[in-house]
$ cat model.pdb   # PDB, N, CA and C atoms, pLDDT in the B column
MODEL        1
ATOM      1  N   MET A 341     203.210 -84.184 108.312  1.00 50.00           N
ATOM      2  CA  MET A 341     203.835 -84.039 109.607  1.00 50.00           C
ATOM      3  C   MET A 341     203.902 -82.570 110.033  1.00 50.00           C
ATOM      4  N   LYS A 342     204.208 -81.678 109.086  1.00 63.00           N
ATOM      5  CA  LYS A 342     204.284 -80.262 109.416  1.00 63.00           C
ATOM      6  C   LYS A 342     202.914 -79.718 109.807  1.00 63.00           C
ATOM      7  N   LYS A 343     201.888 -80.273 109.197  1.00 64.00           N
ATOM      8  CA  LYS A 343     200.538 -79.802 109.484  1.00 64.00           C
ATOM      9  C   LYS A 343     200.179 -80.064 110.945  1.00 64.00           C
ATOM     10  N   LEU A 344     200.606 -81.189 111.488  1.00 69.00           N
ATOM     11  CA  LEU A 344     200.332 -81.508 112.882  1.00 69.00           C
ATOM     12  C   LEU A 344     201.073 -80.571 113.830  1.00 69.00           C
ATOM     13  N   LYS A 345     202.229 -80.077 113.435  1.00 78.00           N
ATOM     14  CA  LYS A 345     202.993 -79.178 114.291  1.00 78.00           C
ATOM     15  C   LYS A 345     202.388 -77.774 114.291  1.00 78.00           C
ATOM     16  N   ARG A 346     201.759 -77.399 113.201  1.00 79.00           N
ATOM     17  CA  ARG A 346     201.175 -76.064 113.096  1.00 79.00           C
ATOM     18  C   ARG A 346     199.831 -75.958 113.800  1.00 79.00           C
ATOM     19  N   THR A 347     199.132 -77.042 113.939  1.00 84.00           N
ATOM     20  CA  THR A 347     197.787 -77.016 114.502  1.00 84.00           C
ATOM     21  C   THR A 347     197.740 -76.440 115.919  1.00 84.00           C
ATOM     22  N   PRO A 348     198.589 -76.880 116.855  1.00 86.00           N
ATOM     23  CA  PRO A 348     198.527 -76.286 118.201  1.00 86.00           C
ATOM     24  C   PRO A 348     198.855 -74.793 118.207  1.00 86.00           C
ATOM     25  N   VAL A 349     199.769 -74.386 117.363  1.00 87.00           N
ATOM     26  CA  VAL A 349     200.137 -72.975 117.290  1.00 87.00           C
ATOM     27  C   VAL A 349     198.955 -72.158 116.777  1.00 87.00           C
ATOM     28  N   LEU A 350     198.292 -72.637 115.756  1.00 90.00           N
ATOM     29  CA  LEU A 350     197.136 -71.925 115.218  1.00 90.00           C
ATOM     30  C   LEU A 350     195.991 -71.868 116.225  1.00 90.00           C
ATOM     31  N   LEU A 351     195.777 -72.953 116.942  1.00 90.00           N
ATOM     32  CA  LEU A 351     194.730 -72.957 117.966  1.00 90.00           C
ATOM     33  C   LEU A 351     195.060 -71.985 119.097  1.00 90.00           C
ATOM     34  N   TYR A 352     196.331 -71.914 119.470  1.00 91.00           N
ATOM     35  CA  TYR A 352     196.759 -70.982 120.509  1.00 91.00           C
ATOM     36  C   TYR A 352     196.538 -69.543 120.056  1.00 91.00           C
ATOM     37  N   LEU A 353     196.909 -69.218 118.835  1.00 92.00           N
ATOM     38  CA  LEU A 353     196.711 -67.870 118.310  1.00 92.00           C
ATOM     39  C   LEU A 353     195.229 -67.521 118.217  1.00 92.00           C
ATOM     40  N   LEU A 354     194.424 -68.455 117.783  1.00 91.00           N
ATOM     41  CA  LEU A 354     192.982 -68.233 117.708  1.00 91.00           C
ATOM     42  C   LEU A 354     192.397 -67.967 119.095  1.00 91.00           C
ATOM     43  N   ALA A 355     192.843 -68.725 120.089  1.00 90.00           N
ATOM     44  CA  ALA A 355     192.367 -68.519 121.458  1.00 90.00           C
ATOM     45  C   ALA A 355     192.768 -67.138 121.973  1.00 90.00           C
ATOM     46  N   LEU A 356     193.976 -66.697 121.675  1.00 88.00           N
ATOM     47  CA  LEU A 356     194.419 -65.365 122.100  1.00 88.00           C
ATOM     48  C   LEU A 356     193.583 -64.267 121.459  1.00 88.00           C
ATOM     49  N   ILE A 357     193.267 -64.420 120.200  1.00 87.00           N
ATOM     50  CA  ILE A 357     192.456 -63.420 119.501  1.00 87.00           C
ATOM     51  C   ILE A 357     191.058 -63.353 120.099  1.00 87.00           C
ATOM     52  N   ILE A 358     190.478 -64.487 120.364  1.00 86.00           N
ATOM     53  CA  ILE A 358     189.126 -64.525 120.929  1.00 86.00           C
ATOM     54  C   ILE A 358     189.106 -63.921 122.329  1.00 86.00           C
ATOM     55  N   ILE A 359     190.097 -64.252 123.139  1.00 83.00           N
ATOM     56  CA  ILE A 359     190.149 -63.723 124.505  1.00 83.00           C
ATOM     57  C   ILE A 359     190.346 -62.214 124.499  1.00 83.00           C
ATOM     58  N   SER A 360     191.206 -61.723 123.623  1.00 80.00           N
ATOM     59  CA  SER A 360     191.453 -60.281 123.588  1.00 80.00           C
ATOM     60  C   SER A 360     190.248 -59.511 123.039  1.00 80.00           C
ATOM     61  N   ALA A 361     189.445 -60.140 122.205  1.00 78.00           N
ATOM     62  CA  ALA A 361     188.278 -59.472 121.631  1.00 78.00           C
ATOM     63  C   ALA A 361     187.105 -59.416 122.604  1.00 78.00           C
ATOM     64  N   CYS A 362     187.147 -60.198 123.640  1.00 77.00           N
ATOM     65  CA  CYS A 362     186.037 -60.269 124.593  1.00 77.00           C
ATOM     66  C   CYS A 362     186.281 -59.395 125.811  1.00 77.00           C
ATOM     67  N   SER A 363     186.687 -58.175 125.604  1.00 68.00           N
ATOM     68  CA  SER A 363     186.883 -57.278 126.744  1.00 68.00           C
ATOM     69  C   SER A 363     185.512 -56.874 127.276  1.00 68.00           C
ATOM     70  N   PRO A 364     185.334 -56.845 128.580  1.00 68.00           N
ATOM     71  CA  PRO A 364     184.008 -56.603 129.148  1.00 68.00           C
ATOM     72  C   PRO A 364     183.477 -55.194 128.929  1.00 68.00           C
ATOM     73  N   GLU A 365     184.353 -54.195 128.946  1.00 68.00           N
ATOM     74  CA  GLU A 365     183.874 -52.824 128.856  1.00 68.00           C
ATOM     75  C   GLU A 365     184.981 -51.944 128.288  1.00 68.00           C
ATOM     76  N   ARG A 366     184.578 -50.933 127.543  1.00 71.00           N
ATOM     77  CA  ARG A 366     185.568 -49.999 127.003  1.00 71.00           C
ATOM     78  C   ARG A 366     186.079 -49.099 128.106  1.00 71.00           C
ATOM     79  N   GLU A 367     187.380 -48.866 128.099  1.00 81.00           N
ATOM     80  CA  GLU A 367     187.958 -47.954 129.076  1.00 81.00           C
ATOM     81  C   GLU A 367     187.783 -46.520 128.596  1.00 81.00           C
ATOM     82  N   VAL A 368     187.673 -45.630 129.543  1.00 85.00           N
ATOM     83  CA  VAL A 368     187.510 -44.212 129.231  1.00 85.00           C
ATOM     84  C   VAL A 368     188.889 -43.630 128.923  1.00 85.00           C
ATOM     85  N   PRO A 369     189.050 -42.954 127.783  1.00 84.00           N
ATOM     86  CA  PRO A 369     190.337 -42.335 127.464  1.00 84.00           C
ATOM     87  C   PRO A 369     190.696 -41.258 128.484  1.00 84.00           C
ATOM     88  N   ALA A 370     191.986 -40.986 128.623  1.00 86.00           N
ATOM     89  CA  ALA A 370     192.465 -40.032 129.631  1.00 86.00           C
ATOM     90  C   ALA A 370     191.887 -38.637 129.411  1.00 86.00           C
ATOM     91  N   TYR A 371     191.738 -38.229 128.161  1.00 85.00           N
ATOM     92  CA  TYR A 371     191.243 -36.877 127.901  1.00 85.00           C
ATOM     93  C   TYR A 371     189.749 -36.733 128.192  1.00 85.00           C
ATOM     94  N   LEU A 372     189.062 -37.849 128.422  1.00 86.00           N
ATOM     95  CA  LEU A 372     187.632 -37.802 128.762  1.00 86.00           C
ATOM     96  C   LEU A 372     187.378 -38.238 130.202  1.00 86.00           C
ATOM     97  N   ALA A 373     188.386 -38.126 131.056  1.00 86.00           N
ATOM     98  CA  ALA A 373     188.251 -38.597 132.436  1.00 86.00           C
ATOM     99  C   ALA A 373     187.140 -37.864 133.182  1.00 86.00           C
ATOM    100  N   ASP A 374     186.966 -36.576 132.906  1.00 87.00           N
ATOM    101  CA  ASP A 374     185.915 -35.825 133.598  1.00 87.00           C
ATOM    102  C   ASP A 374     184.523 -36.100 133.027  1.00 87.00           C
ATOM    103  N   LEU A 375     184.434 -36.739 131.892  1.00 86.00           N
ATOM    104  CA  LEU A 375     183.143 -37.072 131.266  1.00 86.00           C
ATOM    105  C   LEU A 375     182.894 -38.581 131.296  1.00 86.00           C
ATOM    106  N   ASP A 376     183.276 -39.214 132.396  1.00 86.00           N
ATOM    107  CA  ASP A 376     183.233 -40.673 132.510  1.00 86.00           C
ATOM    108  C   ASP A 376     181.832 -41.238 132.288  1.00 86.00           C
ATOM    109  N   GLU A 377     180.844 -40.713 132.976  1.00 89.00           N
ATOM    110  CA  GLU A 377     179.478 -41.248 132.863  1.00 89.00           C
ATOM    111  C   GLU A 377     178.891 -41.004 131.478  1.00 89.00           C
ATOM    112  N   ALA A 378     179.155 -39.838 130.929  1.00 90.00           N
ATOM    113  CA  ALA A 378     178.646 -39.533 129.587  1.00 90.00           C
ATOM    114  C   ALA A 378     179.288 -40.444 128.551  1.00 90.00           C
ATOM    115  N   PHE A 379     180.572 -40.758 128.732  1.00 88.00           N
ATOM    116  CA  PHE A 379     181.264 -41.638 127.789  1.00 88.00           C
ATOM    117  C   PHE A 379     180.670 -43.040 127.818  1.00 88.00           C
ATOM    118  N   ARG A 380     180.350 -43.534 128.996  1.00 86.00           N
ATOM    119  CA  ARG A 380     179.780 -44.886 129.095  1.00 86.00           C
ATOM    120  C   ARG A 380     178.391 -44.949 128.461  1.00 86.00           C
ATOM    121  N   ALA A 381     177.652 -43.849 128.502  1.00 90.00           N
ATOM    122  CA  ALA A 381     176.314 -43.816 127.903  1.00 90.00           C
ATOM    123  C   ALA A 381     176.387 -43.660 126.382  1.00 90.00           C
ATOM    124  N   ASP A 382     177.249 -42.757 125.904  1.00 91.00           N
ATOM    125  CA  ASP A 382     177.346 -42.478 124.469  1.00 91.00           C
ATOM    126  C   ASP A 382     178.791 -42.104 124.115  1.00 91.00           C
ATOM    127  N   PRO A 383     179.644 -43.090 123.808  1.00 89.00           N
ATOM    128  CA  PRO A 383     181.053 -42.802 123.538  1.00 89.00           C
ATOM    129  C   PRO A 383     181.266 -41.873 122.345  1.00 89.00           C
ATOM    130  N   ARG A 384     180.540 -42.109 121.292  1.00 92.00           N
ATOM    131  CA  ARG A 384     180.748 -41.307 120.083  1.00 92.00           C
ATOM    132  C   ARG A 384     180.329 -39.847 120.296  1.00 92.00           C
ATOM    133  N   GLY A 385     179.182 -39.652 120.911  1.00 93.00           N
ATOM    134  CA  GLY A 385     178.703 -38.302 121.177  1.00 93.00           C
ATOM    135  C   GLY A 385     179.608 -37.542 122.137  1.00 93.00           C
ATOM    136  N   THR A 386     180.144 -38.247 123.122  1.00 91.00           N
ATOM    137  CA  THR A 386     181.046 -37.611 124.078  1.00 91.00           C
ATOM    138  C   THR A 386     182.343 -37.194 123.406  1.00 91.00           C
ATOM    139  N   ASN A 387     182.865 -38.029 122.531  1.00 90.00           N
ATOM    140  CA  ASN A 387     184.076 -37.662 121.792  1.00 90.00           C
ATOM    141  C   ASN A 387     183.827 -36.441 120.921  1.00 90.00           C
ATOM    142  N   LEU A 388     182.686 -36.398 120.274  1.00 90.00           N
ATOM    143  CA  LEU A 388     182.348 -35.256 119.425  1.00 90.00           C
ATOM    144  C   LEU A 388     182.209 -33.986 120.261  1.00 90.00           C
ATOM    145  N   GLU A 389     181.579 -34.110 121.415  1.00 90.00           N
ATOM    146  CA  GLU A 389     181.420 -32.957 122.309  1.00 90.00           C
ATOM    147  C   GLU A 389     182.784 -32.434 122.757  1.00 90.00           C
ATOM    148  N   TRP A 390     183.691 -33.345 123.132  1.00 90.00           N
ATOM    149  CA  TRP A 390     185.036 -32.930 123.550  1.00 90.00           C
ATOM    150  C   TRP A 390     185.763 -32.242 122.403  1.00 90.00           C
ATOM    151  N   PHE A 391     185.648 -32.786 121.212  1.00 87.00           N
ATOM    152  CA  PHE A 391     186.327 -32.227 120.041  1.00 87.00           C
ATOM    153  C   PHE A 391     185.851 -30.800 119.777  1.00 87.00           C
ATOM    154  N   GLN A 392     184.551 -30.570 119.901  1.00 88.00           N
ATOM    155  CA  GLN A 392     184.006 -29.234 119.667  1.00 88.00           C
ATOM    156  C   GLN A 392     184.402 -28.262 120.777  1.00 88.00           C
ATOM    157  N   LYS A 393     184.446 -28.727 122.019  1.00 89.00           N
ATOM    158  CA  LYS A 393     184.865 -27.868 123.129  1.00 89.00           C
ATOM    159  C   LYS A 393     186.346 -27.518 123.030  1.00 89.00           C
ATOM    160  N   ALA A 394     187.150 -28.438 122.525  1.00 87.00           N
ATOM    161  CA  ALA A 394     188.591 -28.206 122.420  1.00 87.00           C
ATOM    162  C   ALA A 394     188.913 -27.210 121.315  1.00 87.00           C
ATOM    163  N   LYS A 395     187.952 -26.980 120.438  1.00 82.00           N
ATOM    164  CA  LYS A 395     188.121 -26.064 119.305  1.00 82.00           C
ATOM    165  C   LYS A 395     189.353 -26.431 118.483  1.00 82.00           C
ATOM    166  N   TYR A 396     189.498 -27.709 118.281  1.00 76.00           N
ATOM    167  CA  TYR A 396     190.600 -28.213 117.474  1.00 76.00           C
ATOM    168  C   TYR A 396     190.214 -28.074 116.015  1.00 76.00           C
ATOM    169  N   GLY A 397     191.115 -27.601 115.234  1.00 73.00           N
ATOM    170  CA  GLY A 397     190.843 -27.446 113.814  1.00 73.00           C
ATOM    171  C   GLY A 397     192.078 -27.744 112.994  1.00 73.00           C
ATOM    172  N   MET A 398     191.903 -27.770 111.724  1.00 74.00           N
ATOM    173  CA  MET A 398     193.023 -28.023 110.822  1.00 74.00           C
ATOM    174  C   MET A 398     193.076 -26.907 109.795  1.00 74.00           C
ATOM    175  N   PHE A 399     194.268 -26.413 109.585  1.00 75.00           N
ATOM    176  CA  PHE A 399     194.479 -25.397 108.570  1.00 75.00           C
ATOM    177  C   PHE A 399     195.208 -26.070 107.421  1.00 75.00           C
ATOM    178  N   ILE A 400     194.578 -26.108 106.284  1.00 77.00           N
ATOM    179  CA  ILE A 400     195.179 -26.743 105.109  1.00 77.00           C
ATOM    180  C   ILE A 400     195.386 -25.671 104.065  1.00 77.00           C
ATOM    181  N   HIS A 401     196.606 -25.557 103.627  1.00 76.00           N
ATOM    182  CA  HIS A 401     196.940 -24.540 102.637  1.00 76.00           C
ATOM    183  C   HIS A 401     197.465 -25.237 101.389  1.00 76.00           C
ATOM    184  N   TYR A 402     196.845 -24.968 100.291  1.00 79.00           N
ATOM    185  CA  TYR A 402     197.296 -25.524  99.026  1.00 79.00           C
ATOM    186  C   TYR A 402     198.024 -24.430  98.263  1.00 79.00           C
ATOM    187  N   GLY A 403     199.261 -24.673  97.982  1.00 75.00           N
ATOM    188  CA  GLY A 403     200.047 -23.710  97.225  1.00 75.00           C
ATOM    189  C   GLY A 403     200.577 -24.349  95.953  1.00 75.00           C
ATOM    190  N   LEU A 404     201.468 -23.654  95.304  1.00 75.00           N
ATOM    191  CA  LEU A 404     202.049 -24.174  94.071  1.00 75.00           C
ATOM    192  C   LEU A 404     202.831 -25.459  94.310  1.00 75.00           C
ATOM    193  N   TYR A 405     203.397 -25.600  95.494  1.00 71.00           N
ATOM    194  CA  TYR A 405     204.198 -26.782  95.797  1.00 71.00           C
ATOM    195  C   TYR A 405     203.353 -28.047  95.863  1.00 71.00           C
ATOM    196  N   SER A 406     202.051 -27.927  96.013  1.00 65.00           N
ATOM    197  CA  SER A 406     201.194 -29.099  96.146  1.00 65.00           C
ATOM    198  C   SER A 406     200.750 -29.679  94.805  1.00 65.00           C
ATOM    199  N   LEU A 407     201.118 -29.040  93.732  1.00 63.00           N
ATOM    200  CA  LEU A 407     200.714 -29.540  92.420  1.00 63.00           C
ATOM    201  C   LEU A 407     201.524 -30.687  92.004  1.00 63.00           C
TER     202      LEU A 407
ENDMDL
END
$ encode --input "model.pdb" --output "structure tokens"
Amino acid sequence: MKKLKRTPVLLYLLALIIISACSPEREVPAYLADLDEAFRADPRGTNLEWFQKAKYGMFIHYGLYSL
């Protein structure tokens, strides 16, 4: 009896997952608004280009406290 009650819920969840996964097109992130056309052609390359232009870096310092 419990199995029959769970079936509609599972089907509903499965339908929601499928619908959400079928988005027609990726949206352009806000930080790439000026590179809209380039992002649609090559999202990964455009992100890399923005990252290099932003000159973002990480400073990692290992000291005695990290041991």
$ closest_residue --input "model.pdb" --among "A:Lys345, A:Arg384, A:Gly397, A:Trp390" --to "Tyr371 of chain A" --atoms "only N, CA and C atoms"
A:Trp390
$ axis_aligned_box --input "model.pdb" --around "segment 382-389 of chain A" --padding-each-side "6 Å" --output "AutoDock Vina command-line options"
--center_x 180.7 --center_y -37.8 --center_z 122.7 --size_x 18.8 --size_y 22.7 --size_z 18.5
$ residues_around --input "model.pdb" --residues "Leu372 of chain A" --least-positions-apart "4" --cutoff "8 Å" --atoms "all atoms listed in the file" --output "mmCIF file with N, CA and C atoms, in the frame of the given file"
data_model
loop_
_atom_site.group_PDB
_atom_site.id
_atom_site.type_symbol
_atom_site.label_atom_id
_atom_site.label_comp_id
_atom_site.auth_asym_id
_atom_site.auth_seq_id
_atom_site.Cartn_x
_atom_site.Cartn_y
_atom_site.Cartn_z
ATOM 1 N N VAL A 368 187.673 -45.630 129.543
ATOM 2 C CA VAL A 368 187.510 -44.212 129.231
ATOM 3 C C VAL A 368 188.889 -43.630 128.923
ATOM 4 N N ASP A 376 183.276 -39.214 132.396
ATOM 5 C CA ASP A 376 183.233 -40.673 132.510
ATOM 6 C C ASP A 376 181.832 -41.238 132.288
ATOM 7 N N GLU A 377 180.844 -40.713 132.976
ATOM 8 C CA GLU A 377 179.478 -41.248 132.863
ATOM 9 C C GLU A 377 178.891 -41.004 131.478
ATOM 10 N N PHE A 379 180.572 -40.758 128.732
ATOM 11 C CA PHE A 379 181.264 -41.638 127.789
ATOM 12 C C PHE A 379 180.670 -43.040 127.818
ATOM 13 N N THR A 386 180.144 -38.247 123.122
ATOM 14 C CA THR A 386 181.046 -37.611 124.078
ATOM 15 C C THR A 386 182.343 -37.194 123.406
ATOM 16 N N ASN A 387 182.865 -38.029 122.531
ATOM 17 C CA ASN A 387 184.076 -37.662 121.792
ATOM 18 C C ASN A 387 183.827 -36.441 120.921
ATOM 19 N N TRP A 390 183.691 -33.345 123.132
ATOM 20 C CA TRP A 390 185.036 -32.930 123.550
ATOM 21 C C TRP A 390 185.763 -32.242 122.403
#
$ atom_distance --input "model.pdb" --atom1 "atom CA of Arg346 of chain A" --atom2 "atom CA of Cys362 of chain A"
24.7 Å
